[in-house]
Every structure is written in C-alpha cells, then in structure tokens.
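What follows is a short report on a single structure.
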Amino acid sequence: MPFDDAVLSAANNLLGKAQLPPGPKFTVVIDPLIDGVTGQQSKATQAMGARIVSLIRERYPQQYEVQPFNSANVQKSPLVLVGTFTGVNKERKTEGQREAYRICLALADLKTGKLVSKGLAFAKPDGVDPTPLPAFRDNPAWAEDGPTTGYIRTCQGTRPGDPIHPMYLDRIVAASIISEAIDAYGSGKYKDALNLYETVLRMPEGKQARTFSGLYLTNWRLGRRDAAAKAFGQLVDQGLDSKRVGVKFVFRPGSASLAAESGPAAPPYKMWVSELSSQAMRRQSCLEVVGHSSPTGPEPINERLSMLRAEYVRAQMEIIQPALQKRLVANGVGSRETMIGNGRDDASDALDRRVEFKVIGC
C-alpha cells in the first residue's frame, strides 16, 4: 500500500482488535518506532508515530488516551505501543535490494506483561524518508544491544497473548529516559541530553549501547574530548562483548581514503582507531576487520573497494598498536551484508558502508 495507507491499516488492526477487558479508556504510551534491523529511529518512523497518535485521538478517543513516553507514565503500567519499520526485498526478506517496507505494530499491557494486539502491513517505498534522526545519524558505531533486540522481538514473530520479551520489559524505564535524551539531542539541548544519559548510566540496567553512544555524542558536542573518548571505548567494548561492532568510517566515493569533514560533528577518526586498538589489546582479542559497501555499482568492484577500506583501517590500528599485527585480518564482503539496502548512498544507508570488527579465534 502507499505509506500512509499502510500505517493506518496496521494501526487500525492493532487498536480495533485489541483483546482488552471492558472498562474505562486505557492509557497508551508509544515507545518510538524503530528500524527492525538497525534499531534506528528515522524521519519515517517519527512520522508513523505522529500519525498513530492522530488516529487514536480522531477515531478511538473513547477507548484510548495517549500520554508521553516517560518514566513517570511507564511506572503506572499503561499499554505500550511498539513498532518496527523494516526494508524488505521481493521475497519480504531483510537482504539484498529492499523494495518495500514491512510495518509491524504491537500493543503490550505492562500490567499483565503480555501482548494484547498486533498489526501488520507492507508499504511502498514512494514518499518514505528513511533519514535517521540526529542521534542515530551522528552515532559513530552500531553494536548488538539487548534492550533494542528485546523491543524488536516483542513486535516481530509474536502473537496476542505472548509475553513481552523480558530484555525489553526489564529495561523499559531506562528506555523511556533514553528516549527523552534522544529528543533533547535532536533539539540541540546537549547538556540536557548528557544529564539524561548520565542518569541512565547510574541505573543497574543502564549499560546499553544506546547509553554509551549518547554519552559519546553529547560529550563530543560539548567539547569534553576525554569523556567522549572514554564513552566511545565503552561502546566498542560493549560491541566486542557481543563479538561484533560496526563503525561508520566515511570514505570518499570509490576510494579507500577517509573523507575530510569539518564542523562540530566531524568524525574524529584518529580517536576512534586509537580506542579500537586499545580495546583489542586490552582484551588480547583477534579481530576480523570487515569492509562493507552499499549495493550501487558492480559487485566485483564493491568487493575490491570494501577490502581496500578494511585493509586501510587495519593498517592504521597496527601503526598505533604494532603488537596487533598478528591479531588482525582484513576482509571485504562488498554489499552482501547490507543492513539498510536502499542503495541511496546517503545518510540513510551509512551503515551499509561500515567497517566491522568481529572477534575471531586466534
């Protein structure tokens, strides 16, 4: 369906068929929708959330009342709406060239810990803006994140009556504070965002990839270079714990040379490489340095280019830590492992041009 029609179809199925007891209207909070592969929020997922809020107020005012997604409201155990927006190919799989979007919505009852409804639709890509929101656009790295995985699994592959994924349920209060921090960062309120991320970090469930990436971004924006380097190292460490972390090194088009960028958000590549090298040495890890590319252009060229980029990063790490020479191996996989796959070659698919670090046996 067209994008807006698909959002309304999934949302009407979700809200109209919810298995809820009779009684007064239910409070609903919306945990911002995300990409079902990367966990990123984008202009498209933001637009979906806003459209669902409008729909609830226009069509379901007697059944539901929407409240902000914050820690105070979450602790009242409302209904929480989660959703994923995922690029898929002709076979509706998350690989190769993406040609449509799968919209998956779930309504969960925090009182019972179970799902009460699901909604699903497929949208055409026309008119969809997958540009990541600022906190995700500027995020230097991608790593497996348990709470984000729990969010995705709560929505995907589930049915009404199934339990909320425990990794998501146990960390939803922290998620609400992180959501506020993401909004503050997007509004340029970097000190407010930093305070929120520091609040999350003090919580038992706060050591998340999103927390460390937020601490890196806000400290960097505020000129706190040492604190930013520490947070980036923690983000890398988190990724290596899960055996895989991807870093968004931005190379010149068709080149293995890093693009020169300026401004407050310019990537500090030397610091990234230094922290990557230090973490690898501290762990005595052996790493496969894997270059990736977007699907534009002939695949043999993509594979060669991704290999050259991986070799470049490996060489830079070995300059900083010569002892890593026997612990690093470079590889290029071209566009075979795209995470976005839209072929735009812009900010929306930057993760497709990442350099990944995988822990391997020595």
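Quick note on naming: the chains in the structure tokens go A, B, ... in the order shown, residues restart at 1 in each chain, and ligands are numbered from 1 in order of appearance.
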Per residue of region 189-304 of chain A within 10 Å of region 325-334 of chain A, record the nearest atom pair and its distance in Å to one decimal, counting only C-alpha atoms, with rows in chain order and ascending residue number, as a tab-separated table.
```
residue	atom	partner	partner_atom	distance
A:Ala280	CA	A:Arg327	CA	8.8
A:Met281	CA	A:Arg327	CA	9.2
A:Gln284	CA	A:Arg327	CA	8.3
A:Ser285	CA	A:Arg327	CA	6.9
A:Cys286	CA	A:Arg327	CA	4.4
A:Leu287	CA	A:Leu328	CA	5.1
A:Glu288	CA	A:Val329	CA	5.0
A:Val289	CA	A:Ala330	CA	4.7
A:Val290	CA	A:Asn331	CA	4.8
A:Gly291	CA	A:Gly332	CA	4.6
A:His292	CA	A:Gly334	CA	5.1
A:Ser293	CA	A:Gly334	CA	5.0
A:Ser294	CA	A:Gly334	CA	7.4
A:Pro295	CA	A:Gly334	CA	7.7
A:Pro298	CA	A:Gly334	CA	9.6
A:Glu299	CA	A:Gly334	CA	6.5
A:Pro300	CA	A:Gly334	CA	7.7
A:Ile301	CA	A:Gly334	CA	7.9
A:Asn302	CA	A:Gly334	CA	4.6
A:Glu303	CA	A:Gly334	CA	3.8
A:Arg304	CA	A:Gly332	CA	6.9
```
Just write the chosen residues, all heavy atoms, as a compact mmCIF listing (two decimals), in the first residue's frame.
```txt
# COMPACT_ATOMS: atom_id res chain seq x y z
N ALA A 280 41.16 -3.73 21.66
CA ALA A 280 41.63 -5.02 21.15
C ALA A 280 42.84 -5.52 21.92
O ALA A 280 42.95 -6.71 22.25
CB ALA A 280 41.95 -4.90 19.66
N MET A 281 43.77 -4.62 22.25
CA MET A 281 44.95 -5.02 23.01
C MET A 281 44.58 -5.41 24.43
O MET A 281 45.10 -6.40 24.97
CB MET A 281 45.96 -3.86 23.03
CG MET A 281 46.77 -3.73 21.76
SD MET A 281 47.76 -5.20 21.39
CE MET A 281 48.81 -5.27 22.85
N GLN A 284 43.26 -8.74 24.40
CA GLN A 284 44.10 -9.73 23.71
C GLN A 284 43.27 -10.49 22.66
O GLN A 284 43.37 -11.70 22.50
CB GLN A 284 44.72 -10.71 24.72
CG GLN A 284 45.76 -10.08 25.63
CD GLN A 284 47.01 -9.64 24.87
OE1 GLN A 284 47.79 -10.46 24.36
NE2 GLN A 284 47.20 -8.33 24.74
N SER A 285 42.40 -9.72 22.00
CA SER A 285 41.48 -10.30 21.02
C SER A 285 42.15 -10.44 19.66
O SER A 285 43.08 -9.70 19.31
CB SER A 285 40.24 -9.41 20.85
OG SER A 285 39.51 -9.32 22.04
N CYS A 286 41.66 -11.38 18.88
CA CYS A 286 41.95 -11.44 17.46
C CYS A 286 40.69 -10.98 16.73
O CYS A 286 39.58 -11.41 17.06
CB CYS A 286 42.33 -12.84 17.03
SG CYS A 286 43.96 -13.34 17.65
N LEU A 287 40.85 -10.08 15.77
CA LEU A 287 39.71 -9.47 15.10
C LEU A 287 39.79 -9.64 13.60
O LEU A 287 40.86 -9.53 13.00
CB LEU A 287 39.63 -7.97 15.42
CG LEU A 287 39.51 -7.54 16.88
CD1 LEU A 287 39.50 -6.02 16.97
CD2 LEU A 287 38.24 -8.10 17.50
N GLU A 288 38.63 -9.88 13.00
CA GLU A 288 38.48 -9.78 11.56
C GLU A 288 37.95 -8.38 11.27
O GLU A 288 36.88 -8.00 11.76
CB GLU A 288 37.51 -10.83 11.03
CG GLU A 288 37.33 -10.78 9.53
CD GLU A 288 36.28 -11.77 9.02
OE1 GLU A 288 35.49 -12.28 9.85
OE2 GLU A 288 36.26 -12.02 7.81
N VAL A 289 38.71 -7.61 10.50
CA VAL A 289 38.30 -6.27 10.11
C VAL A 289 37.60 -6.39 8.76
O VAL A 289 38.23 -6.74 7.76
CB VAL A 289 39.50 -5.32 10.02
CG1 VAL A 289 39.04 -3.90 9.70
CG2 VAL A 289 40.30 -5.34 11.32
N VAL A 290 36.29 -6.14 8.74
CA VAL A 290 35.47 -6.44 7.57
C VAL A 290 34.95 -5.14 6.94
O VAL A 290 34.25 -4.37 7.59
CB VAL A 290 34.28 -7.34 7.94
CG1 VAL A 290 33.51 -7.75 6.68
CG2 VAL A 290 34.74 -8.57 8.70
N GLY A 291 35.30 -4.92 5.68
CA GLY A 291 34.78 -3.77 4.96
C GLY A 291 33.46 -4.10 4.28
O GLY A 291 33.26 -5.23 3.81
N HIS A 292 32.56 -3.12 4.24
CA HIS A 292 31.25 -3.29 3.61
C HIS A 292 31.02 -2.15 2.62
O HIS A 292 31.64 -1.09 2.72
CB HIS A 292 30.14 -3.27 4.67
CG HIS A 292 30.19 -4.39 5.64
ND1 HIS A 292 29.41 -5.52 5.53
CD2 HIS A 292 30.93 -4.57 6.76
CE1 HIS A 292 29.66 -6.33 6.53
NE2 HIS A 292 30.59 -5.78 7.30
N SER A 293 30.10 -2.36 1.69
CA SER A 293 29.75 -1.31 0.74
C SER A 293 28.25 -1.33 0.48
O SER A 293 27.57 -2.33 0.76
CB SER A 293 30.51 -1.49 -0.59
OG SER A 293 29.94 -2.54 -1.34
N SER A 294 27.74 -0.24 -0.06
CA SER A 294 26.33 -0.20 -0.47
C SER A 294 26.20 -0.95 -1.80
O SER A 294 27.20 -1.23 -2.46
CB SER A 294 25.86 1.25 -0.61
OG SER A 294 26.70 1.94 -1.52
N PRO A 295 24.97 -1.28 -2.21
CA PRO A 295 24.80 -2.14 -3.39
C PRO A 295 24.92 -1.45 -4.73
O PRO A 295 24.72 -2.09 -5.77
CB PRO A 295 23.38 -2.71 -3.19
CG PRO A 295 22.67 -1.69 -2.39
CD PRO A 295 23.70 -1.09 -1.48
N PRO A 298 28.95 -2.36 -9.75
CA PRO A 298 29.18 -3.79 -9.96
C PRO A 298 29.73 -4.43 -8.68
O PRO A 298 30.60 -3.86 -8.01
CB PRO A 298 30.21 -3.83 -11.09
CG PRO A 298 30.14 -2.49 -11.74
CD PRO A 298 29.76 -1.53 -10.66
N GLU A 299 29.25 -5.62 -8.37
CA GLU A 299 29.65 -6.25 -7.11
C GLU A 299 31.14 -6.57 -7.05
O GLU A 299 31.74 -6.42 -5.97
CB GLU A 299 28.82 -7.51 -6.87
CG GLU A 299 29.00 -8.13 -5.49
CD GLU A 299 28.68 -7.16 -4.35
OE1 GLU A 299 27.96 -6.16 -4.58
OE2 GLU A 299 29.16 -7.39 -3.22
N PRO A 300 31.81 -7.00 -8.12
CA PRO A 300 33.27 -7.22 -8.00
C PRO A 300 34.03 -5.96 -7.57
O PRO A 300 34.97 -6.04 -6.79
CB PRO A 300 33.67 -7.66 -9.42
CG PRO A 300 32.43 -8.27 -9.99
CD PRO A 300 31.30 -7.43 -9.43
N ILE A 301 33.59 -4.80 -8.06
CA ILE A 301 34.23 -3.55 -7.66
C ILE A 301 33.90 -3.25 -6.19
O ILE A 301 34.77 -2.81 -5.42
CB ILE A 301 33.77 -2.39 -8.56
CG1 ILE A 301 34.30 -2.62 -9.99
CG2 ILE A 301 34.25 -1.05 -8.01
CD1 ILE A 301 33.85 -1.57 -10.98
N ASN A 302 32.65 -3.50 -5.80
CA ASN A 302 32.26 -3.30 -4.40
C ASN A 302 33.12 -4.14 -3.46
O ASN A 302 33.56 -3.68 -2.41
CB ASN A 302 30.79 -3.64 -4.20
CG ASN A 302 29.86 -2.63 -4.84
OD1 ASN A 302 30.25 -1.51 -5.11
ND2 ASN A 302 28.62 -3.04 -5.08
N GLU A 303 33.34 -5.39 -3.85
CA GLU A 303 34.13 -6.30 -3.01
C GLU A 303 35.57 -5.81 -2.90
O GLU A 303 36.16 -5.82 -1.82
CB GLU A 303 34.07 -7.71 -3.56
CG GLU A 303 32.71 -8.38 -3.39
CD GLU A 303 32.72 -9.83 -3.79
OE1 GLU A 303 33.81 -10.35 -4.15
OE2 GLU A 303 31.64 -10.46 -3.75
N ARG A 304 36.14 -5.39 -4.02
CA ARG A 304 37.52 -4.90 -4.00
C ARG A 304 37.64 -3.63 -3.16
O ARG A 304 38.58 -3.49 -2.35
CB ARG A 304 37.99 -4.63 -5.44
CG ARG A 304 39.41 -4.07 -5.55
CD ARG A 304 40.42 -5.01 -4.94
NE ARG A 304 41.78 -4.49 -5.05
CZ ARG A 304 42.77 -4.88 -4.28
NH1 ARG A 304 42.58 -5.81 -3.34
NH2 ARG A 304 43.98 -4.37 -4.45
```
**Message:** When you look at region 348-360 of chain A with a cut-off of 8 Å (counting only C-alpha atoms), what residues show up, excluding the ones that are within fewer than 2 positions of it in the same chain? I need them as a VMD selection string.
**Reply:** chain A and resid 130 to 132 137 142 240 243 to 250 285 to 294 309 to 310 335 337 to 346 362
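Nearest to Gly188 (chain A) of all the residues A:Thr84, A:Ala135, A:Val29, A:Gly39 is A:Ala135, based on only C-alpha atoms.
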**Message:** Need to verify the contact set: region 43-47 of chain A, 12 Å, only C-alpha atoms, exclusion of same-chain residues closer than 4 positions in sequence. Can you return it as JSON, numbers by chain?
**Reply:** {"A": [3, 4, 7, 8, 30, 31, 32, 33, 34, 35, 36, 39, 51, 52, 53, 54, 82, 83, 84, 85, 86, 87, 101, 102, 103, 104, 105, 123, 125, 126, 127, 128, 129, 130, 131, 132, 133, 134, 135, 136, 137, 183, 186, 347, 348]}
**Item:** Among the residues A:Ser277, A:Ser306, A:Ile172, A:Leu120, the one that comes closest to Met1 (chain A) [using only C-alpha atoms]
**Value:** A:Leu120
**Request:** Could you tell me, as a count of residues only, which residues of region 32-259 of chain A DSSP assigns to strand (DSSP E or B) when given the backbone?
**Result:** 48
**Prompt:** What separation in Å, quoted to one decimal, exists between CA of Gly113 (chain A) and CA of Ala6 (chain A)?
**Reply:** 27.5 Å
Just the helix (DSSP H, G or I) stuff from region 78-249 of chain A, please, per backbone DSSP, written as a short mmCIF file (atom, residue, chain, number, x, y, z; two decimals) with N, CA, C and O atoms, in the first residue's frame.
```
data_model
loop_
_atom_site.label_atom_id
_atom_site.label_comp_id
_atom_site.auth_asym_id
_atom_site.auth_seq_id
_atom_site.Cartn_x
_atom_site.Cartn_y
_atom_site.Cartn_z
N PRO A 134 18.82 12.83 14.31
CA PRO A 134 20.19 13.26 14.61
C PRO A 134 21.00 12.32 15.50
O PRO A 134 22.18 12.07 15.23
N ALA A 135 20.41 11.79 16.57
CA ALA A 135 21.18 10.93 17.48
C ALA A 135 21.64 9.65 16.80
O ALA A 135 22.66 9.06 17.18
N PHE A 136 20.91 9.21 15.78
CA PHE A 136 21.28 7.99 15.06
C PHE A 136 22.14 8.34 13.84
O PHE A 136 23.05 7.58 13.48
N ARG A 137 21.87 9.47 13.22
CA ARG A 137 22.71 9.94 12.11
C ARG A 137 24.15 10.15 12.58
O ARG A 137 25.10 9.78 11.89
N GLY A 146 21.00 -5.50 23.71
CA GLY A 146 19.97 -6.39 24.24
C GLY A 146 18.60 -5.77 24.34
O GLY A 146 17.61 -6.36 23.86
N PRO A 147 18.46 -4.59 24.95
CA PRO A 147 17.14 -3.98 25.05
C PRO A 147 16.50 -3.68 23.69
O PRO A 147 15.29 -3.84 23.52
N THR A 148 17.31 -3.25 22.70
CA THR A 148 16.77 -2.99 21.37
C THR A 148 16.33 -4.30 20.72
O THR A 148 15.26 -4.36 20.08
N THR A 149 17.13 -5.35 20.87
CA THR A 149 16.73 -6.66 20.36
C THR A 149 15.44 -7.13 21.02
O THR A 149 14.55 -7.68 20.36
N GLY A 150 15.31 -6.88 22.34
CA GLY A 150 14.09 -7.24 23.04
C GLY A 150 12.88 -6.49 22.52
O GLY A 150 11.78 -7.05 22.40
N TYR A 151 13.07 -5.21 22.20
CA TYR A 151 12.00 -4.40 21.60
C TYR A 151 11.56 -5.04 20.28
O TYR A 151 10.36 -5.24 20.03
N ILE A 152 12.54 -5.33 19.40
CA ILE A 152 12.22 -5.88 18.09
C ILE A 152 11.51 -7.23 18.21
O ILE A 152 10.51 -7.49 17.53
N ARG A 153 11.98 -8.07 19.12
CA ARG A 153 11.38 -9.39 19.27
C ARG A 153 10.02 -9.35 19.94
O ARG A 153 9.21 -10.28 19.79
N THR A 154 9.74 -8.28 20.68
CA THR A 154 8.40 -8.10 21.23
C THR A 154 7.41 -7.87 20.10
O THR A 154 6.25 -8.29 20.16
N CYS A 155 7.87 -7.21 19.04
CA CYS A 155 6.99 -6.87 17.92
C CYS A 155 6.97 -7.96 16.86
O CYS A 155 5.91 -8.35 16.38
N PRO A 166 11.49 -10.34 27.86
CA PRO A 166 11.99 -9.90 29.18
C PRO A 166 13.10 -8.85 29.09
O PRO A 166 13.18 -7.97 29.95
N MET A 167 13.94 -8.92 28.06
CA MET A 167 15.01 -7.94 27.94
C MET A 167 14.45 -6.54 27.71
O MET A 167 15.03 -5.54 28.14
N TYR A 168 13.31 -6.47 27.05
CA TYR A 168 12.67 -5.17 26.84
C TYR A 168 11.89 -4.75 28.08
O TYR A 168 12.01 -3.61 28.55
N LEU A 169 11.12 -5.66 28.64
CA LEU A 169 10.28 -5.35 29.79
C LEU A 169 11.10 -4.87 30.99
O LEU A 169 10.74 -3.90 31.65
N ILE A 172 12.46 -1.09 30.38
CA ILE A 172 11.61 -0.09 29.74
C ILE A 172 11.69 1.27 30.42
O ILE A 172 11.58 2.31 29.76
N VAL A 173 11.93 1.33 31.73
CA VAL A 173 12.08 2.62 32.40
C VAL A 173 13.33 3.32 31.88
O VAL A 173 13.31 4.52 31.56
N ALA A 174 14.43 2.58 31.77
CA ALA A 174 15.66 3.15 31.20
C ALA A 174 15.41 3.59 29.76
O ALA A 174 15.89 4.66 29.33
N ALA A 175 14.64 2.80 29.01
CA ALA A 175 14.34 3.15 27.61
C ALA A 175 13.59 4.47 27.51
O ALA A 175 13.82 5.26 26.59
N SER A 176 12.70 4.73 28.47
CA SER A 176 11.94 5.98 28.43
C SER A 176 12.85 7.19 28.67
O SER A 176 12.66 8.24 28.05
N ILE A 177 13.86 7.03 29.53
CA ILE A 177 14.79 8.14 29.77
C ILE A 177 15.71 8.33 28.56
O ILE A 177 16.01 9.46 28.16
N ILE A 178 16.15 7.23 27.96
CA ILE A 178 16.97 7.32 26.74
C ILE A 178 16.18 8.01 25.63
O ILE A 178 16.72 8.83 24.87
N SER A 179 14.88 7.73 25.54
CA SER A 179 14.04 8.37 24.53
C SER A 179 14.00 9.88 24.74
O SER A 179 14.10 10.66 23.77
N GLU A 180 13.91 10.31 25.98
CA GLU A 180 13.94 11.74 26.27
C GLU A 180 15.29 12.34 25.90
O GLU A 180 15.37 13.47 25.38
N ALA A 181 16.37 11.60 26.15
CA ALA A 181 17.71 12.09 25.80
C ALA A 181 17.87 12.22 24.29
O ALA A 181 18.48 13.18 23.80
N ILE A 182 17.34 11.25 23.55
CA ILE A 182 17.41 11.31 22.08
C ILE A 182 16.69 12.54 21.56
O ILE A 182 17.17 13.24 20.66
N ASP A 183 15.52 12.84 22.13
CA ASP A 183 14.77 14.04 21.73
C ASP A 183 15.55 15.31 22.07
O ASP A 183 15.59 16.25 21.26
N ALA A 184 16.16 15.34 23.26
CA ALA A 184 16.92 16.52 23.66
C ALA A 184 18.11 16.74 22.72
O ALA A 184 18.40 17.87 22.31
N TYR A 185 18.80 15.66 22.37
CA TYR A 185 19.94 15.77 21.45
C TYR A 185 19.46 16.31 20.10
O TYR A 185 20.10 17.20 19.51
N GLY A 186 18.34 15.77 19.61
CA GLY A 186 17.82 16.22 18.33
C GLY A 186 17.42 17.68 18.32
O GLY A 186 17.43 18.33 17.26
N TYR A 190 22.18 19.76 24.28
CA TYR A 190 23.19 18.74 24.55
C TYR A 190 23.44 18.55 26.04
O TYR A 190 23.66 17.42 26.49
N LYS A 191 23.40 19.61 26.83
CA LYS A 191 23.59 19.46 28.28
C LYS A 191 22.45 18.66 28.90
O LYS A 191 22.67 17.80 29.76
N ASP A 192 21.22 18.95 28.46
CA ASP A 192 20.07 18.20 28.97
C ASP A 192 20.19 16.73 28.58
O ASP A 192 19.92 15.84 29.39
N ALA A 193 20.59 16.48 27.33
CA ALA A 193 20.74 15.10 26.87
C ALA A 193 21.82 14.38 27.68
O ALA A 193 21.63 13.22 28.08
N LEU A 194 22.94 15.07 27.92
CA LEU A 194 24.03 14.47 28.70
C LEU A 194 23.55 14.10 30.10
O LEU A 194 23.83 13.00 30.60
N ASN A 195 22.81 14.99 30.75
CA ASN A 195 22.30 14.71 32.09
C ASN A 195 21.39 13.48 32.09
O ASN A 195 21.45 12.65 33.01
N LEU A 196 20.58 13.33 31.07
CA LEU A 196 19.68 12.18 30.98
C LEU A 196 20.47 10.89 30.75
O LEU A 196 20.19 9.85 31.37
N TYR A 197 21.46 10.93 29.86
CA TYR A 197 22.28 9.73 29.62
C TYR A 197 23.05 9.34 30.88
O TYR A 197 23.19 8.15 31.20
N GLU A 198 23.55 10.34 31.62
CA GLU A 198 24.26 10.04 32.87
C GLU A 198 23.32 9.45 33.91
O GLU A 198 23.72 8.57 34.70
N THR A 199 22.07 9.89 33.91
CA THR A 199 21.06 9.31 34.80
C THR A 199 20.85 7.84 34.48
O THR A 199 20.80 6.98 35.37
N VAL A 200 20.74 7.52 33.20
CA VAL A 200 20.55 6.12 32.79
C VAL A 200 21.75 5.28 33.17
O VAL A 200 21.61 4.14 33.64
N LEU A 201 22.95 5.83 32.98
CA LEU A 201 24.16 5.06 33.27
C LEU A 201 24.23 4.65 34.73
O LEU A 201 24.80 3.61 35.06
N ALA A 209 24.28 -0.05 24.66
CA ALA A 209 24.97 0.59 23.55
C ALA A 209 24.42 1.99 23.30
O ALA A 209 25.16 2.94 23.03
N ARG A 210 23.09 2.16 23.42
CA ARG A 210 22.49 3.48 23.20
C ARG A 210 22.95 4.49 24.24
O ARG A 210 23.09 5.67 23.94
N THR A 211 23.20 4.02 25.46
CA THR A 211 23.68 4.93 26.51
C THR A 211 25.08 5.41 26.18
O THR A 211 25.38 6.62 26.24
N PHE A 212 25.97 4.49 25.83
CA PHE A 212 27.36 4.86 25.56
C PHE A 212 27.47 5.73 24.30
O PHE A 212 28.27 6.67 24.25
N SER A 213 26.68 5.42 23.27
CA SER A 213 26.73 6.25 22.07
C SER A 213 26.22 7.65 22.38
O SER A 213 26.77 8.65 21.89
N GLY A 214 25.18 7.74 23.24
CA GLY A 214 24.68 9.05 23.63
C GLY A 214 25.68 9.85 24.44
O GLY A 214 25.83 11.07 24.27
N LEU A 215 26.39 9.17 25.35
CA LEU A 215 27.42 9.84 26.14
C LEU A 215 28.55 10.33 25.23
O LEU A 215 29.10 11.42 25.43
N TYR A 216 28.91 9.53 24.23
CA TYR A 216 29.94 9.95 23.28
C TYR A 216 29.49 11.21 22.53
O TYR A 216 30.21 12.21 22.48
N LEU A 217 28.28 11.16 21.99
CA LEU A 217 27.81 12.26 21.16
C LEU A 217 27.69 13.56 21.94
O LEU A 217 28.13 14.63 21.48
N THR A 218 27.07 13.49 23.12
CA THR A 218 26.85 14.72 23.89
C THR A 218 28.15 15.30 24.43
O THR A 218 28.37 16.52 24.38
N ASN A 219 29.04 14.45 24.92
CA ASN A 219 30.33 14.94 25.39
C ASN A 219 31.14 15.56 24.26
O ASN A 219 31.79 16.60 24.44
N TRP A 220 31.09 14.95 23.09
CA TRP A 220 31.83 15.49 21.95
C TRP A 220 31.28 16.85 21.55
O TRP A 220 32.03 17.80 21.30
N ARG A 221 29.96 16.97 21.51
CA ARG A 221 29.33 18.24 21.15
C ARG A 221 29.66 19.34 22.17
O ARG A 221 29.76 20.52 21.80
N ARG A 225 36.40 16.19 25.28
CA ARG A 225 37.03 15.19 24.42
C ARG A 225 37.41 13.91 25.18
O ARG A 225 37.21 12.80 24.67
N ASP A 226 37.97 14.04 26.36
CA ASP A 226 38.38 12.85 27.12
C ASP A 226 37.17 11.99 27.49
O ASP A 226 37.20 10.76 27.39
N ALA A 227 36.10 12.65 27.93
CA ALA A 227 34.89 11.92 28.29
C ALA A 227 34.28 11.26 27.06
O ALA A 227 33.76 10.13 27.14
N ALA A 228 34.35 11.93 25.91
CA ALA A 228 33.83 11.35 24.68
C ALA A 228 34.64 10.11 24.27
O ALA A 228 34.08 9.09 23.87
N ALA A 229 35.97 10.20 24.39
CA ALA A 229 36.82 9.05 24.06
C ALA A 229 36.53 7.86 24.97
O ALA A 229 36.47 6.71 24.52
N LYS A 230 36.33 8.14 26.25
CA LYS A 230 36.00 7.07 27.19
C LYS A 230 34.70 6.39 26.81
O LYS A 230 34.59 5.15 26.80
N ALA A 231 33.67 7.19 26.46
CA ALA A 231 32.37 6.63 26.08
C ALA A 231 32.47 5.83 24.79
O ALA A 231 31.84 4.77 24.67
N PHE A 232 33.27 6.31 23.83
CA PHE A 232 33.44 5.55 22.60
C PHE A 232 34.10 4.20 22.89
O PHE A 232 33.71 3.17 22.35
N GLY A 233 35.12 4.21 23.77
CA GLY A 233 35.76 2.96 24.16
C GLY A 233 34.78 2.00 24.81
O GLY A 233 34.82 0.78 24.58
N GLN A 234 33.87 2.53 25.64
CA GLN A 234 32.86 1.68 26.28
C GLN A 234 31.88 1.12 25.24
O GLN A 234 31.44 -0.03 25.36
N LEU A 235 31.56 1.93 24.24
CA LEU A 235 30.68 1.46 23.17
C LEU A 235 31.34 0.33 22.39
O LEU A 235 30.70 -0.69 22.09
N VAL A 236 32.62 0.49 22.07
CA VAL A 236 33.36 -0.57 21.37
C VAL A 236 33.43 -1.82 22.24
O VAL A 236 33.23 -2.95 21.76
N ASP A 237 33.71 -1.63 23.52
CA ASP A 237 33.80 -2.76 24.45
C ASP A 237 32.47 -3.53 24.50
O ASP A 237 32.45 -4.77 24.49
N GLN A 238 31.37 -2.79 24.53
CA GLN A 238 30.04 -3.41 24.52
C GLN A 238 29.87 -4.26 23.27
O GLN A 238 29.35 -5.37 23.30
N GLY A 239 30.28 -3.70 22.11
CA GLY A 239 30.15 -4.43 20.86
C GLY A 239 31.01 -5.67 20.82
O GLY A 239 30.57 -6.74 20.36
N LEU A 240 32.25 -5.57 21.31
CA LEU A 240 33.14 -6.73 21.29
C LEU A 240 32.66 -7.81 22.26
O LEU A 240 32.94 -8.99 22.05
N ASP A 241 31.93 -7.41 23.30
CA ASP A 241 31.33 -8.41 24.18
C ASP A 241 30.37 -9.31 23.41
O ASP A 241 30.24 -10.50 23.69
#
```
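Minimum atom-to-atom distance to Asn89 (chain A), evaluated using only C-alpha atoms, belongs to A:Lys124 out of A:Lys118, A:Lys124, A:Arg282, A:Arg171.
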**Asked** Leaving out Lys17 (chain A) and any residue of its chain fewer than 6 positions from it, which residues lie within 12 Å of it when counting only C-alpha atoms, given as an MDAnalysis selection string?
**Response** chainID A and resid 9:11 60 63 106:107 115:119 160
Polymer residues at most 9 Å from Ser255 (chain A), only C-alpha atoms, same-chain spacing of 2 or more positions, as a compact mmCIF listing (two decimals) with C-alpha atoms, in the first residue's frame:
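And here is the file that came out, selection-v8.txt:
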```
# COMPACT_ATOMS: atom_id res chain seq x y z
CA PHE A 251 35.34 7.12 2.83
CA ARG A 252 35.46 9.22 -0.31
CA PRO A 253 33.22 7.77 -3.06
CA SER A 257 40.74 7.35 1.68
CA LEU A 258 38.70 8.81 4.50
CA LEU A 305 36.70 -1.47 -2.59
CA LEU A 308 40.84 -1.91 0.46
CA ARG A 309 38.92 0.01 3.12
```
